[in-house]
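J.: Structure in structure tokens, see below.
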Amino acid sequence: MADTTAIPAQVRLSTGDRVRDIVVKYGFLAVTVIAFAFFALTEPAFATANSMFSMLKFASVTAILGLGVMFSMIVGGLDLSIGSVAGLSVQLAAMTMVFYNLTAGMAITFVIVAGLAVGLLNAFLIVVCKIPDLLATLGMMFVIQGAKMIPVSGQSVSSGMTLPDGTAAPGKFDPAFLLIDRGTVGPVPIPVIVMIVLVTACWFVLTKTSWGRILYAIGANPEAARLSGIRVGFHRGAAYVVSSVFASIAGIILVARIGQGDVNAGASSLLEAVAVALVGTSVLGLNKPNAWGTLLGAVLVVIVLTGMTMMGFEYFYQDTAKGLVVIVALLFSFTLSRKKVRYTPAT
């Protein structure tokens with residue numbers, strides 16, 4: 001008698017498929033470990049505790065921005081305004097303390113409110129006005145880039161600067177605000193703690209709550225989600241609000257790090273955030289945007305950049321290195337994987 005419990009021939013995996021699945025699932029983790037081991041062996045200072053905490057601290061802004069991009073990717077879009085929102089946050093926090101001599105708490109409040117406002121405006125353009133995600137957030141990116149320079153006449157904001165009316169700025173950066181980046185809890189820098197808390201919160205929301213499942217369902221098939229009773233527009237808009245709030249948080253850390261309202265802050269953040277969010281799709285073969293993958297993407301990028309810096313490579317090699325990291329990660333997700341990637345670009 002035939003064995004009815006045997007696996008049908010059409011679903012049996014060949015040895016090649018099993019090897020491919022293992023490579024896809026653990027390949028990116030292996031790349032990260034190999035990169036870390038290589039730099040640790042070639043540069044003794046690389047693997048010290050201080051160096052590792054410094055790398056994680058440096059990665060925090062990119063990782064948090066990547067989490068924001070991740071939410072827009074999950075619903076099938078892409079938030080191109082996220083770098084500009086981070087730059088706006090830098091400028092707004094500096095102006096609040098330097099121009100108006102207000103406290104760190106007020107600066108943080110204004111920045112978060114501004115992030116909410118931009119997110120709501122993005123949601124309005126995308127959901128109500130029916131403008132495609134990429135075009136709406138691209139337009140918002142240019143609006144913010146110009147608008148943030150108007151109150152300061154294109155100048156960076158710093159303590160003691162001359163205001164447009166000829167008087168000296170009355171305020172300065174609140175020391176408590178600077179502790180956001182420069183403070184520690186034990187040996188752990190505060191930005192690293194913020195990053196881990198946000199990554200953990202995102203992981204929990206996306207994997208353990210109905211809202212997370214709704215977002216993934218919208219990204220996989222928005223029409224099917226709508227027919228099942230999901231308010232697709234509302235949840236897509238909410239994803240963009242979350243994205244902008246995360247950009248504001250990253251901007252707060254960034255301005256506390258540089259100690260001034262640099263008009264160019266956030267200019268390169270968009271590409272880095274998109275890169276780490278895309279890299280995150282390849283982690284553990286999940287083939288979808290996810291929180292821990294985004295964190296690992298940011299960590300790998302900073303490992304490579306720090307190692308190259310210690311080895312004496314000039315700064316202009318770094319963009320090439322970041323691009324190669326992204327390409328390798330995408331090969332795992334789009335070329336080697338037998339699963340369909342759960343990210344549908346917005347149209």
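In the structure tokens, chains take letters A, B, ... by order of appearance, with residues numbered from 1 within each chain and ligands from 1 in the order shown.
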Contacts between region 90-95 of chain A and region 165-252 of chain A, please, where a residue of region 165-252 of chain A counts if it comes within 10 Å (with only C-alpha atoms); show its shortest atom pair and distance in Å to one decimal, rows by chain and ascending number, as JSON lines.
T.:
```
{"residue": "A:Ala169", "atom": "CA", "partner": "A:Met95", "partner_atom": "CA", "distance": 9.4}
{"residue": "A:Gly171", "atom": "CA", "partner": "A:Met95", "partner_atom": "CA", "distance": 9.0}
{"residue": "A:Lys172", "atom": "CA", "partner": "A:Ala94", "partner_atom": "CA", "distance": 8.3}
{"residue": "A:Phe173", "atom": "CA", "partner": "A:Ala94", "partner_atom": "CA", "distance": 7.1}
{"residue": "A:Asp174", "atom": "CA", "partner": "A:Ala94", "partner_atom": "CA", "distance": 9.7}
{"residue": "A:Phe177", "atom": "CA", "partner": "A:Ala93", "partner_atom": "CA", "distance": 9.5}
{"residue": "A:Ser248", "atom": "CA", "partner": "A:Val90", "partner_atom": "CA", "distance": 8.4}
{"residue": "A:Ile249", "atom": "CA", "partner": "A:Val90", "partner_atom": "CA", "distance": 9.9}
{"residue": "A:Ala250", "atom": "CA", "partner": "A:Val90", "partner_atom": "CA", "distance": 9.1}
{"residue": "A:Gly251", "atom": "CA", "partner": "A:Val90", "partner_atom": "CA", "distance": 5.3}
{"residue": "A:Ile252", "atom": "CA", "partner": "A:Val90", "partner_atom": "CA", "distance": 6.3}
```
J.: Which polymer residues have any atom within 6 Å of an atom of region 47-62 of chain A, counting only C-alpha atoms, with same-chain residues fewer than 2 positions away left out, as a count of residues only?
T.: 11
J.: Set the distance at 9 Å and use only C-alpha atoms: which residues neighbour Ala104 (chain A) once local chain neighbours fewer than 2 positions away are removed? I'd like the list as a PyMOL selection string.
T.: chain A and resi 93+96-97+102+106-109+173-178
J.: Those residues with N, CA and C atoms, as a tab-separated table (two decimals), in the first residue's frame please?
T.:
```tsv
chain	number	residue	atom	x	y	z
A	93	ALA	N	14.18	73.11	16.68
A	93	ALA	CA	14.66	72.97	18.05
A	93	ALA	C	15.68	74.06	18.38
A	96	THR	N	13.94	77.46	18.78
A	96	THR	CA	13.16	77.55	20.02
A	96	THR	C	14.05	77.95	21.20
A	97	MET	N	15.24	77.37	21.26
A	97	MET	CA	16.12	77.66	22.39
A	97	MET	C	16.97	78.92	22.18
A	102	LEU	N	13.78	79.43	25.15
A	102	LEU	CA	12.88	78.50	25.82
A	102	LEU	C	13.62	77.23	26.23
A	106	MET	N	10.19	72.53	25.89
A	106	MET	CA	9.42	73.25	24.89
A	106	MET	C	9.95	72.95	23.49
A	107	ALA	N	11.26	72.87	23.34
A	107	ALA	CA	11.85	72.56	22.03
A	107	ALA	C	11.40	71.19	21.55
A	108	ILE	N	11.43	70.20	22.43
A	108	ILE	CA	11.01	68.85	22.06
A	108	ILE	C	9.53	68.84	21.69
A	109	THR	N	8.72	69.56	22.46
A	109	THR	CA	7.28	69.61	22.18
A	109	THR	C	7.01	70.21	20.80
A	173	PHE	N	21.65	76.82	23.70
A	173	PHE	CA	21.18	75.45	23.83
A	173	PHE	C	21.10	75.06	25.30
A	174	ASP	N	19.95	74.54	25.69
A	174	ASP	CA	19.74	74.08	27.05
A	174	ASP	C	20.67	72.88	27.31
A	175	PRO	N	21.49	72.92	28.37
A	175	PRO	CA	22.36	71.78	28.67
A	175	PRO	C	21.60	70.46	28.80
A	176	ALA	N	20.36	70.54	29.31
A	176	ALA	CA	19.56	69.32	29.43
A	176	ALA	C	19.23	68.75	28.05
A	177	PHE	N	19.05	69.62	27.07
A	177	PHE	CA	18.76	69.16	25.71
A	177	PHE	C	19.98	68.45	25.11
A	178	LEU	N	21.16	68.99	25.34
A	178	LEU	CA	22.37	68.38	24.79
A	178	LEU	C	22.63	66.99	25.38
```
J.: Go ahead and compute the interatomic distance for CA of Arg257 (chain A) and CA of Asp181 (chain A), in Å to one decimal.
T.: 5.4 Å
J.: Quick one: everything within 8 Å of Gln145 (chain A), counting only C-alpha atoms, minus sequence neighbours fewer than 3 positions away in the same chain. Send it as a ChimeraX atom specification.
T.: /A:84,87-88,141-142,148-149
J.: Just to be explicit: take each residue in the selection above, keep all heavy atoms, and write the result as a compact mmCIF listing (two decimals), in the first residue's frame.
T.:
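Below is the file out.txt, written as the result:
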```
# COMPACT_ATOMS: atom_id res chain seq x y z
N SER A 84 13.98 65.71 5.11
CA SER A 84 13.66 67.13 5.28
C SER A 84 12.98 67.39 6.62
O SER A 84 13.21 68.42 7.25
CB SER A 84 12.75 67.60 4.14
OG SER A 84 13.41 67.52 2.91
N GLY A 87 15.63 67.54 9.14
CA GLY A 87 16.30 68.84 9.05
C GLY A 87 15.46 69.96 9.64
O GLY A 87 15.98 70.85 10.31
N LEU A 88 14.14 69.92 9.38
CA LEU A 88 13.24 70.91 9.97
C LEU A 88 13.27 70.82 11.49
O LEU A 88 13.26 71.86 12.19
CB LEU A 88 11.81 70.67 9.47
CG LEU A 88 10.70 71.50 10.11
CD1 LEU A 88 10.87 72.98 9.76
CD2 LEU A 88 9.33 71.01 9.65
N MET A 141 8.97 67.45 0.52
CA MET A 141 10.42 67.55 0.77
C MET A 141 10.95 68.91 0.32
O MET A 141 11.66 69.59 1.07
CB MET A 141 11.14 66.42 0.04
CG MET A 141 12.65 66.45 0.17
SD MET A 141 13.49 65.19 -0.83
CE MET A 141 13.34 65.95 -2.46
N PHE A 142 10.58 69.33 -0.89
CA PHE A 142 11.07 70.61 -1.40
C PHE A 142 10.49 71.78 -0.62
O PHE A 142 11.19 72.76 -0.34
CB PHE A 142 10.75 70.74 -2.89
CG PHE A 142 11.62 69.88 -3.77
CD1 PHE A 142 11.07 68.92 -4.60
CD2 PHE A 142 13.00 70.03 -3.77
CE1 PHE A 142 11.86 68.12 -5.40
CE2 PHE A 142 13.80 69.24 -4.58
CZ PHE A 142 13.23 68.29 -5.40
N LYS A 148 12.23 75.96 5.86
CA LYS A 148 13.00 75.99 7.11
C LYS A 148 14.10 77.05 7.08
O LYS A 148 14.62 77.44 8.14
CB LYS A 148 13.60 74.61 7.39
CG LYS A 148 14.74 74.23 6.47
CD LYS A 148 15.31 72.86 6.83
CE LYS A 148 16.51 72.51 5.95
NZ LYS A 148 17.09 71.20 6.28
N MET A 149 14.46 77.53 5.87
CA MET A 149 15.51 78.55 5.78
C MET A 149 14.97 79.97 5.82
O MET A 149 15.73 80.92 6.05
CB MET A 149 16.31 78.35 4.49
CG MET A 149 17.07 77.04 4.43
SD MET A 149 18.16 76.99 2.98
CE MET A 149 18.84 75.34 3.13
```
J.: Tell me which protein, DNA and RNA residues are within 12 Å of Val197 (chain A), counting only C-alpha atoms, leaving out same-chain ones fewer than 6 positions away, and put them as an NGL selection string.
T.: :A and (60 or 63-64 or 67 or 190-191 or 203-204 or 291-292 or 295)
J.: Could you turn the residues from that selection into a file that holds all heavy atoms, as a short mmCIF file (atom, residue, chain, number, x, y, z; two decimals), in the first residue's frame?
T.:
```
data_model
loop_
_atom_site.label_atom_id
_atom_site.label_comp_id
_atom_site.auth_asym_id
_atom_site.auth_seq_id
_atom_site.Cartn_x
_atom_site.Cartn_y
_atom_site.Cartn_z
N SER A 60 22.16 55.42 15.48
CA SER A 60 20.82 55.63 16.03
C SER A 60 19.94 56.52 15.16
O SER A 60 18.77 56.22 14.93
CB SER A 60 20.90 56.21 17.45
OG SER A 60 21.58 57.46 17.45
N ALA A 63 18.97 54.63 12.01
CA ALA A 63 18.05 53.54 12.32
C ALA A 63 16.64 54.06 12.60
O ALA A 63 15.65 53.49 12.13
CB ALA A 63 18.56 52.75 13.53
N ILE A 64 16.53 55.16 13.34
CA ILE A 64 15.21 55.71 13.66
C ILE A 64 14.54 56.25 12.40
O ILE A 64 13.34 56.05 12.19
CB ILE A 64 15.34 56.79 14.75
CG1 ILE A 64 15.79 56.15 16.07
CG2 ILE A 64 14.01 57.52 14.95
CD1 ILE A 64 16.19 57.15 17.14
N LEU A 67 13.23 53.36 10.50
CA LEU A 67 11.96 52.86 11.02
C LEU A 67 10.79 53.66 10.44
O LEU A 67 9.73 53.11 10.14
CB LEU A 67 11.94 52.95 12.55
CG LEU A 67 12.89 52.02 13.31
CD1 LEU A 67 12.85 52.33 14.80
CD2 LEU A 67 12.55 50.56 13.06
N ILE A 190 22.45 57.52 25.61
CA ILE A 190 20.99 57.68 25.56
C ILE A 190 20.43 57.43 24.16
O ILE A 190 19.38 56.79 24.02
CB ILE A 190 20.60 59.08 26.10
CG1 ILE A 190 20.83 59.13 27.61
CG2 ILE A 190 19.14 59.41 25.76
CD1 ILE A 190 20.57 60.49 28.24
N PRO A 191 21.08 57.90 23.07
CA PRO A 191 20.52 57.60 21.74
C PRO A 191 20.38 56.11 21.47
O PRO A 191 19.45 55.68 20.78
CB PRO A 191 21.52 58.25 20.79
CG PRO A 191 22.14 59.34 21.58
CD PRO A 191 22.24 58.80 22.97
N TRP A 203 8.60 46.51 16.61
CA TRP A 203 8.48 45.05 16.45
C TRP A 203 7.19 44.55 17.10
O TRP A 203 6.46 43.76 16.51
CB TRP A 203 9.69 44.37 17.08
CG TRP A 203 9.47 42.89 17.27
CD1 TRP A 203 9.59 41.91 16.33
CD2 TRP A 203 9.06 42.24 18.47
NE1 TRP A 203 9.28 40.68 16.87
CE2 TRP A 203 8.96 40.85 18.19
CE3 TRP A 203 8.78 42.69 19.77
CZ2 TRP A 203 8.58 39.92 19.16
CZ3 TRP A 203 8.41 41.77 20.74
CH2 TRP A 203 8.32 40.40 20.42
N PHE A 204 6.91 45.03 18.30
CA PHE A 204 5.71 44.57 19.01
C PHE A 204 4.44 44.99 18.26
O PHE A 204 3.52 44.18 18.06
CB PHE A 204 5.69 45.15 20.43
CG PHE A 204 4.49 44.71 21.23
CD1 PHE A 204 4.49 43.49 21.89
CD2 PHE A 204 3.36 45.52 21.32
CE1 PHE A 204 3.38 43.08 22.62
CE2 PHE A 204 2.25 45.12 22.04
CZ PHE A 204 2.26 43.89 22.69
N ALA A 291 11.25 45.70 11.78
CA ALA A 291 12.00 46.57 12.70
C ALA A 291 13.42 46.08 12.96
O ALA A 291 14.38 46.85 12.85
CB ALA A 291 11.22 46.69 14.01
N TRP A 292 13.58 44.81 13.32
CA TRP A 292 14.91 44.32 13.66
C TRP A 292 15.81 44.29 12.44
O TRP A 292 17.03 44.52 12.53
CB TRP A 292 14.82 42.94 14.32
CG TRP A 292 14.17 42.99 15.66
CD1 TRP A 292 12.95 42.49 16.01
CD2 TRP A 292 14.69 43.60 16.86
NE1 TRP A 292 12.67 42.74 17.33
CE2 TRP A 292 13.72 43.42 17.88
CE3 TRP A 292 15.87 44.27 17.17
CZ2 TRP A 292 13.90 43.89 19.18
CZ3 TRP A 292 16.05 44.75 18.47
CH2 TRP A 292 15.08 44.55 19.44
N LEU A 295 17.13 47.78 11.96
CA LEU A 295 18.21 48.04 12.91
C LEU A 295 19.51 47.38 12.45
O LEU A 295 20.57 48.01 12.46
CB LEU A 295 17.82 47.53 14.30
CG LEU A 295 18.94 47.58 15.35
CD1 LEU A 295 19.40 49.01 15.59
CD2 LEU A 295 18.47 46.94 16.66
#
```
J.: Would you mind writing down, as a ChimeraX atom specification, each residue of region 226-283 of chain A that DSSP on the backbone assigns to alpha helix (DSSP H)?
T.: /A:226-227,232-258,269-280
J.: CA of Val143 (chain A) to CA of Ser81 (chain A): how many Å, to one decimal?
T.: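 Straight-line distance from CA of Val143 (chain A) to CA of Ser81 (chain A) works out to 9.4 Å.
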J.: Point out the residue among A:Ala321, A:Asp133, A:Gly83, A:Pro222 with the least atom-to-atom distance to Leu271 (chain A), counting only C-alpha atoms.
T.: A:Gly83
J.: One number please: CA of Ala277 (chain A) to CA of Pro289 (chain A), in Å, one decimal.
T.: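 CA of Ala277 (chain A) sits 6.5 Å away from CA of Pro289 (chain A).
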J.: Counting only C-alpha atoms, which residue out of A:Phe39, A:Ala217, A:Val69, A:Met308 sits closest to His235 (chain A)?
T.: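 Under the stated criterion, the closest residue is A:Ala217.
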J.: Which residue, A:Leu179, A:Val85, A:Ala265, A:Ile196, has the smallest gap to Thr137 (chain A) when you use only C-alpha atoms?
T.: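 Closest residue, counting only C-alpha atoms: A:Val85.
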J.: Could you pull out the strand (DSSP E) residues of region 164-275 of chain A, going by DSSP on the backbone, and write them as a PyMOL selection string?
T.: chain A and resi 184-185+188-189
J.: Rank A:Phe71, A:Ala247, A:Val276, A:Ile253 by their smallest atom-to-atom distance to Val205 (chain A), using only C-alpha atoms, and report the top residue only.
T.: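 So, comparing all the options, the nearest one is A:Phe71.
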